[in-house]
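Structure file coords-v2.tsv with TSV, C-alpha atoms:
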```
chain	number	residue	atom	x	y	z
A	1	SER	CA	-89.74	-59.32	-68.80
A	2	PHE	CA	-86.70	-60.76	-70.59
A	3	GLN	CA	-83.91	-63.24	-69.97
A	4	SER	CA	-80.17	-62.73	-70.33
A	5	GLY	CA	-78.16	-65.89	-69.69
A	6	ASP	CA	-79.53	-67.41	-66.50
A	7	ALA	CA	-80.82	-64.10	-65.16
A	8	LEU	CA	-84.41	-62.90	-65.54
A	9	TYR	CA	-85.20	-59.20	-65.60
A	10	PHE	CA	-88.34	-57.12	-65.88
A	11	TRP	CA	-89.30	-53.47	-66.14
A	12	VAL	CA	-91.63	-51.56	-63.82
A	13	ARG	CA	-92.96	-48.15	-64.78
A	14	GLN	CA	-92.20	-45.41	-62.29
A	15	GLY	CA	-93.89	-42.20	-63.43
A	16	PRO	CA	-92.21	-41.05	-66.65
A	17	GLY	CA	-89.32	-43.51	-66.23
A	18	LEU	CA	-88.72	-47.24	-65.83
A	19	THR	CA	-87.04	-49.34	-63.15
A	20	LEU	CA	-85.08	-52.48	-64.00
A	21	TRP	CA	-85.59	-55.35	-61.55
A	22	ASP	CA	-83.67	-58.57	-61.01
A	23	ALA	CA	-86.39	-61.23	-60.69
A	24	ALA	CA	-84.20	-63.69	-58.78
A	25	GLN	CA	-82.95	-61.15	-56.26
A	26	ARG	CA	-86.33	-59.40	-56.13
A	27	GLU	CA	-84.74	-55.99	-56.02
A	28	PRO	CA	-84.33	-53.01	-58.36
A	29	ILE	CA	-80.93	-52.64	-59.97
A	30	ALA	CA	-81.33	-49.50	-62.12
A	31	ASN	CA	-83.57	-46.56	-62.88
A	32	ILE	CA	-84.09	-45.34	-66.43
A	33	TYR	CA	-84.97	-41.68	-66.68
A	34	PRO	CA	-86.56	-39.89	-69.66
A	35	LEU	CA	-84.47	-37.67	-71.87
A	36	GLY	CA	-85.23	-34.20	-70.51
A	37	MET	CA	-88.33	-32.70	-68.96
A	38	ASN	CA	-91.83	-33.23	-70.40
A	39	ALA	CA	-90.73	-36.65	-71.66
A	40	GLN	CA	-91.52	-40.29	-71.00
A	41	VAL	CA	-89.53	-43.48	-71.45
A	42	LEU	CA	-91.40	-45.65	-73.95
A	43	GLU	CA	-89.29	-48.79	-73.71
A	44	ALA	CA	-85.78	-49.84	-72.80
A	45	TRP	CA	-83.30	-52.63	-73.53
A	46	TYR	CA	-80.61	-53.84	-71.12
A	47	ASP	CA	-77.29	-54.78	-72.76
A	48	GLU	CA	-75.95	-56.94	-69.92
A	49	PRO	CA	-72.45	-57.69	-71.35
A	50	ASN	CA	-71.73	-53.96	-71.68
A	51	GLN	CA	-73.70	-52.93	-68.58
A	52	THR	CA	-75.57	-50.37	-70.69
A	53	ILE	CA	-79.24	-49.51	-71.00
A	54	PHE	CA	-80.71	-48.31	-74.29
A	55	ALA	CA	-84.01	-46.48	-74.12
A	56	ILE	CA	-86.47	-44.65	-76.34
A	57	SER	CA	-87.81	-41.45	-74.85
A	58	ASP	CA	-90.80	-39.54	-76.25
A	59	HIS	CA	-90.15	-35.83	-75.79
A	60	VAL	CA	-92.60	-33.01	-76.45
A	61	GLU	CA	-90.03	-31.08	-78.51
A	62	LEU	CA	-87.38	-33.64	-79.45
A	63	GLY	CA	-89.79	-36.39	-80.51
A	64	ALA	CA	-88.83	-40.07	-80.17
A	65	THR	CA	-85.13	-40.28	-79.34
A	66	LEU	CA	-82.85	-43.28	-78.84
A	67	TYR	CA	-80.23	-42.86	-76.12
A	68	SER	CA	-77.92	-44.93	-73.93
A	69	GLN	CA	-77.37	-44.86	-70.20
A	70	PRO	CA	-74.69	-46.78	-68.25
A	71	LEU	CA	-76.01	-49.09	-65.56
A	72	ALA	CA	-76.33	-47.24	-62.25
A	73	GLN	CA	-77.92	-48.32	-58.99
A	74	PRO	CA	-81.27	-46.65	-58.26
A	75	GLU	CA	-79.78	-44.47	-55.53
A	76	ASN	CA	-76.83	-43.33	-57.68
A	77	ASP	CA	-76.48	-40.53	-60.18
A	78	TYR	CA	-77.03	-41.26	-63.84
A	79	GLU	CA	-75.99	-39.84	-67.19
A	80	TYR	CA	-77.20	-40.50	-70.69
A	81	THR	CA	-75.91	-40.11	-74.23
A	82	ALA	CA	-78.37	-39.36	-77.02
A	83	THR	CA	-77.69	-40.67	-80.52
A	84	ALA	CA	-78.42	-38.69	-83.66
A	85	LEU	CA	-81.48	-40.86	-84.14
A	86	GLN	CA	-84.67	-38.82	-83.66
A	87	TYR	CA	-88.18	-39.20	-85.05
A	88	ASP	CA	-91.44	-37.32	-84.96
A	89	ARG	CA	-93.33	-37.66	-81.73
A	90	GLY	CA	-95.69	-40.62	-81.74
A	91	ALA	CA	-93.72	-42.61	-84.34
A	92	SER	CA	-93.94	-46.39	-84.02
A	93	TRP	CA	-90.81	-48.28	-82.97
A	94	ALA	CA	-89.63	-51.71	-81.81
A	95	PHE	CA	-86.38	-53.25	-80.52
A	96	LEU	CA	-85.02	-56.29	-82.35
A	97	PRO	CA	-84.82	-59.56	-80.40
A	98	GLY	CA	-81.51	-59.56	-78.59
A	99	GLY	CA	-81.26	-55.78	-78.80
A	100	GLU	CA	-79.22	-55.72	-82.02
A	101	GLY	CA	-81.12	-52.69	-83.28
A	102	VAL	CA	-84.36	-50.77	-83.37
A	103	VAL	CA	-86.98	-50.14	-86.06
A	104	PHE	CA	-88.67	-46.76	-86.38
A	105	CYS	CA	-91.74	-46.24	-88.57
A	106	LYS	CA	-92.32	-42.94	-90.34
A	107	PHE	CA	-95.80	-41.55	-90.81
A	108	ASN	CA	-95.56	-42.11	-94.59
A	109	GLY	CA	-95.21	-45.87	-94.05
A	110	GLU	CA	-91.45	-46.16	-94.51
A	111	LEU	CA	-89.57	-48.17	-91.89
A	112	GLN	CA	-85.92	-47.85	-91.01
A	113	LEU	CA	-83.70	-50.29	-89.13
A	114	TRP	CA	-80.98	-48.65	-87.03
A	115	SER	CA	-78.18	-50.04	-84.92
A	116	LEU	CA	-78.17	-48.98	-81.28
A	117	GLY	CA	-75.20	-46.80	-82.16
A	118	GLY	CA	-77.31	-44.74	-84.55
A	119	GLU	CA	-76.21	-46.32	-87.88
A	120	LEU	CA	-78.87	-46.85	-90.57
A	121	LEU	CA	-78.84	-50.56	-91.51
A	122	ALA	CA	-81.83	-50.93	-93.84
A	123	SER	CA	-84.93	-49.18	-95.17
A	124	PHE	CA	-88.29	-50.88	-95.74
A	125	VAL	CA	-90.36	-49.24	-98.48
A	126	GLY	CA	-93.74	-50.72	-99.35
A	127	HIS	CA	-96.38	-49.35	-97.01
A	128	GLU	CA	-98.12	-46.13	-98.06
A	129	ALA	CA	-99.72	-45.33	-94.68
A	130	VAL	CA	-98.59	-45.34	-91.07
A	131	VAL	CA	-97.52	-48.72	-89.70
A	132	ASP	CA	-99.22	-49.60	-86.41
A	133	THR	CA	-97.46	-52.84	-85.46
A	134	VAL	CA	-94.00	-54.36	-85.97
A	135	ARG	CA	-93.18	-57.95	-85.00
A	136	PHE	CA	-89.95	-59.90	-85.30
A	137	SER	CA	-89.31	-63.59	-85.79
A	138	PRO	CA	-87.46	-65.22	-82.87
A	139	ASP	CA	-84.18	-65.18	-84.81
A	140	GLY	CA	-84.68	-61.55	-85.90
A	141	ASN	CA	-84.32	-62.44	-89.59
A	142	GLN	CA	-87.92	-61.69	-90.56
A	143	ILE	CA	-90.17	-58.75	-89.78
A	144	LEU	CA	-93.97	-58.56	-89.98
A	145	THR	CA	-95.51	-55.10	-90.29
A	146	TYR	CA	-99.18	-54.14	-90.29
A	147	SER	CA	-101.02	-50.97	-91.28
A	148	GLN	CA	-104.61	-50.68	-90.07
A	149	GLN	CA	-105.25	-47.80	-92.48
A	150	GLU	CA	-104.17	-49.93	-95.45
A	151	ALA	CA	-105.66	-53.14	-93.99
A	152	ARG	CA	-102.46	-54.76	-95.18
A	153	ALA	CA	-99.58	-56.70	-93.65
A	154	MET	CA	-96.12	-57.14	-95.15
A	155	LEU	CA	-93.39	-59.68	-94.45
A	156	TRP	CA	-89.74	-58.62	-94.83
A	157	ASP	CA	-86.27	-59.98	-94.39
A	158	SER	CA	-83.81	-58.09	-92.20
A	159	ARG	CA	-82.25	-56.38	-95.23
A	160	GLY	CA	-85.46	-54.55	-96.08
A	161	ARG	CA	-86.56	-56.84	-98.93
A	162	ALA	CA	-90.29	-57.56	-99.12
A	163	ILE	CA	-91.10	-61.29	-99.06
A	164	ALA	CA	-94.90	-61.24	-99.11
A	165	GLN	CA	-97.94	-59.07	-98.44
A	166	TYR	CA	-101.39	-59.96	-97.12
A	167	ASN	CA	-104.72	-58.15	-97.09
A	168	SER	CA	-106.21	-58.30	-93.59
A	169	VAL	CA	-108.71	-56.12	-91.72
A	170	ALA	CA	-107.01	-57.05	-88.43
A	171	LEU	CA	-103.48	-57.77	-87.28
A	172	PRO	CA	-102.59	-61.24	-88.65
A	173	ALA	CA	-101.83	-64.08	-86.28
A	174	ILE	CA	-98.57	-65.95	-86.77
A	175	ASP	CA	-97.40	-69.20	-85.21
A	176	ALA	CA	-94.41	-69.48	-82.88
A	177	ASP	CA	-91.98	-70.84	-85.48
A	178	TRP	CA	-93.11	-68.41	-88.21
A	179	GLN	CA	-94.23	-71.11	-90.63
A	180	ASN	CA	-97.86	-70.02	-91.07
A	181	ILE	CA	-99.87	-66.82	-90.89
A	182	ILE	CA	-103.63	-66.27	-90.52
A	183	THR	CA	-105.33	-63.20	-92.02
A	184	LEU	CA	-108.87	-61.86	-91.70
A	185	ASP	CA	-110.48	-60.69	-94.93
A	186	GLN	CA	-113.90	-59.14	-95.57
A	187	HIS	CA	-115.97	-59.19	-98.77
A	188	PRO	CA	-118.74	-56.56	-98.63
A	189	GLU	CA	-119.52	-57.16	-102.30
A	190	LEU	CA	-121.02	-60.54	-101.42
A	191	HIS	CA	-123.55	-59.06	-98.99
A	192	PRO	CA	-123.65	-55.24	-98.59
A	193	ASN	CA	-125.45	-55.26	-95.26
A	194	LEU	CA	-123.49	-58.13	-93.73
A	195	PRO	CA	-119.93	-58.40	-95.08
A	196	VAL	CA	-118.64	-61.94	-95.32
A	197	THR	CA	-115.54	-62.50	-93.19
A	198	GLN	CA	-112.97	-65.09	-94.16
A	199	LEU	CA	-110.05	-66.52	-92.23
A	200	LYS	CA	-107.18	-67.46	-94.52
A	201	LEU	CA	-104.21	-69.65	-93.62
A	202	TRP	CA	-100.98	-69.00	-95.50
A	203	SER	CA	-97.67	-70.82	-95.39
A	204	ILE	CA	-94.67	-68.53	-95.14
A	205	ASP	CA	-92.00	-69.00	-97.78
A	206	ARG	CA	-88.55	-67.76	-96.91
A	207	LEU	CA	-86.22	-66.48	-99.61
A	208	ASP	CA	-84.14	-69.65	-99.50
A	209	THR	CA	-87.22	-71.86	-99.99
A	210	LEU	CA	-88.47	-69.65	-102.83
A	211	LEU	CA	-85.08	-69.96	-104.53
A	212	GLU	CA	-85.18	-73.71	-104.04
A	213	LYS	CA	-88.61	-73.92	-105.67
A	214	ALA	CA	-87.52	-71.73	-108.58
A	215	CYS	CA	-84.39	-73.81	-109.20
A	216	SER	CA	-86.44	-76.99	-109.10
A	217	ARG	CA	-88.70	-75.65	-111.86
A	218	LEU	CA	-85.70	-74.54	-113.93
A	219	GLN	CA	-83.84	-77.84	-113.64
A	220	PRO	CA	-85.12	-79.25	-116.95
A	221	TYR	CA	-83.81	-76.16	-118.73
A	222	PHE	CA	-80.42	-76.55	-117.06
A	223	ASP	CA	-80.27	-80.16	-118.27
A	224	GLN	CA	-80.97	-79.06	-121.85
A	225	GLU	CA	-78.57	-76.09	-121.60
A	226	TYR	CA	-81.29	-73.52	-122.35
A	227	LEU	CA	-79.95	-71.25	-119.60
A	228	ASP	CA	-76.45	-69.84	-119.23
A	229	ASP	CA	-73.91	-70.85	-116.60
A	230	ARG	CA	-74.67	-67.85	-114.38
A	231	MET	CA	-78.23	-69.05	-113.75
A	232	SER	CA	-76.98	-72.57	-113.20
A	233	ALA	CA	-74.39	-71.36	-110.67
A	234	THR	CA	-77.11	-69.59	-108.68
A	235	CYS	CA	-78.86	-72.89	-108.15
A	236	ASP	CA	-75.77	-75.00	-107.43
```
For this file, write the structure as structure tokens.
Amino acid sequence: SFQSGDALYFWVRQGPGLTLWDAAQREPIANIYPLGMNAQVLEAWYDEPNQTIFAISDHVELGATLYSQPLAQPENDYEYTATALQYDRGASWAFLPGGEGVVFCKFNGELQLWSLGGELLASFVGHEAVVDTVRFSPDGNQILTYSQQEARAMLWDSRGRAIAQYNSVALPAIDADWQNIITLDQHPELHPNLPVTQLKLWSIDRLDTLLEKACSRLQPYFDQEYLDDRMSATCD
């Protein structure tokens, strides 16, 4: 389910497609069909201001494809427009909060952020194995990715810059305001037959707080003019 303004909507799976329901009116308002035969709609996003539905369809031959479909009542005809954005079948994906874009994860661990119009916005390079889970902060400015094969999570900003990485044998837990993260680590070297499991609590530093800490440490050097004006301007 999701909310747009004062309206609450939710999706109901209907075979290979999805049906969009208005929770207040308790009635379906649109059907979302897969792109072609032998396909299934994985997830969809409703752009209410533009009365357009964006969906990701997993096709046997085409792979994962992002396409748009104008809002049409369930009993009416429909048409869709596929973007140039296509990925291998089974690739991981996730819509950004608010539907500003979508992230696709390649099997080599690289992630790419695309606009719903099919424009590449950012690439995320750091994982070396397939990424199983992608999560977004409520404001969409930070992204948490996790690879079970690597037993590693990474935190990114929306421009594709890595902020931090964490070793964890399970998907880390993160609080609602994205201030802290909990990881699960194992140490088989301490007891071969019964690995020791540790829960670790980490505070999340954003790039602006990291810069603030760095400038605070450099302040004595600014006062003694050990650093040039360019470094000083960065911290002003």
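Proximity of A:Cys215, A:Leu120, A:Trp11, A:His59 to A:Glu27, computed with only C-alpha atoms, is greatest for A:Trp11.
Using all atoms listed in the file, the smallest distance between any of A:Phe124, A:Phe10, A:Phe104, A:Tyr166 and A:Ala64 comes from A:Phe104.
Residue nearest A:Pro138, chosen from A:Met154, A:Leu96, A:Ile53, A:Ile163 and counting all atoms listed in the file: A:Leu96.
Going from atom CA of A:Asp47 to atom CA of A:Gln25 covers 18.6 Å.
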inquiry  = Could you check which residues have any atom within 6 Å of (-103.8, -58.3, -92.8), counting all atoms listed in the file with coordinates taken straight from the file, and then list them as number ranges by chain?
reply    = A: 151-153, 166-172, 183
Could those selected residues go to a file with C-alpha atoms, as a PDB file, in the coordinates of the input?
```
ATOM      1  CA  ALA A 151    -105.660 -53.140 -93.990  1.00  0.00           C
ATOM      2  CA  ARG A 152    -102.460 -54.760 -95.180  1.00  0.00           C
ATOM      3  CA  ALA A 153     -99.580 -56.700 -93.650  1.00  0.00           C
ATOM      4  CA  TYR A 166    -101.390 -59.960 -97.120  1.00  0.00           C
ATOM      5  CA  ASN A 167    -104.720 -58.150 -97.090  1.00  0.00           C
ATOM      6  CA  SER A 168    -106.210 -58.300 -93.590  1.00  0.00           C
ATOM      7  CA  VAL A 169    -108.710 -56.120 -91.720  1.00  0.00           C
ATOM      8  CA  ALA A 170    -107.010 -57.050 -88.430  1.00  0.00           C
ATOM      9  CA  LEU A 171    -103.480 -57.770 -87.280  1.00  0.00           C
ATOM     10  CA  PRO A 172    -102.590 -61.240 -88.650  1.00  0.00           C
ATOM     11  CA  THR A 183    -105.330 -63.200 -92.020  1.00  0.00           C
TER      12      THR A 183
END
```
task = Please identify all polymer residues within 7 Å of A:Leu116, counting all atoms listed in the file, omitting same-chain residues fewer than 5 positions from it, and present them as an MDAnalysis selection string.
result = chainID A and resid 100:102
inquiry  = Distance cut-off 7 Å, centre (-90.4, -52.1, -83.7) in file coordinates, counting only C-alpha atoms: which residues qualify? Return them as a VMD selection string.
reply    = chain A and resid 92 to 96 102 to 104 134 to 135
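Distance annotation: of A:Ile143, A:Leu8, A:Leu71, A:Leu199, the residue with the minimal separation from A:Ile29 is A:Leu71; atom set is only C-alpha atoms.
Taking atom CA of A:Lys200 and atom CA of A:Ser137 as the two end points, the separation is 20.3 Å.
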request  = Name the residues in contact with stretch 39-46 of chain A at a cut-off of 7 Å, using only C-alpha atoms, excluding same-chain residues fewer than 6 positions from it; report them as number ranges by chain.
outcome  = A: 16-18, 33, 52-60, 99
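Rounded to one decimal, atom CA of A:Gln148 and atom CA of A:Phe136 lie 18.0 Å from each other.
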What are the centre and the three edge lengths of an axis-aligned box that wraps all atoms of stretch 134-143 of chain A in the file, given that 5 Å is added to every side, written as JSON and rounded to one decimal in Å?
```
{"center_x": -89.1, "center_y": -59.8, "center_z": -86.7, "size_x": 19.8, "size_y": 20.9, "size_z": 17.7}
```
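Among the candidate residues A:Leu144, A:Ala162, A:Ala30, A:Leu201, the one lying nearest to A:Val125 is A:Ala162, with distances computed using all atoms listed in the file.
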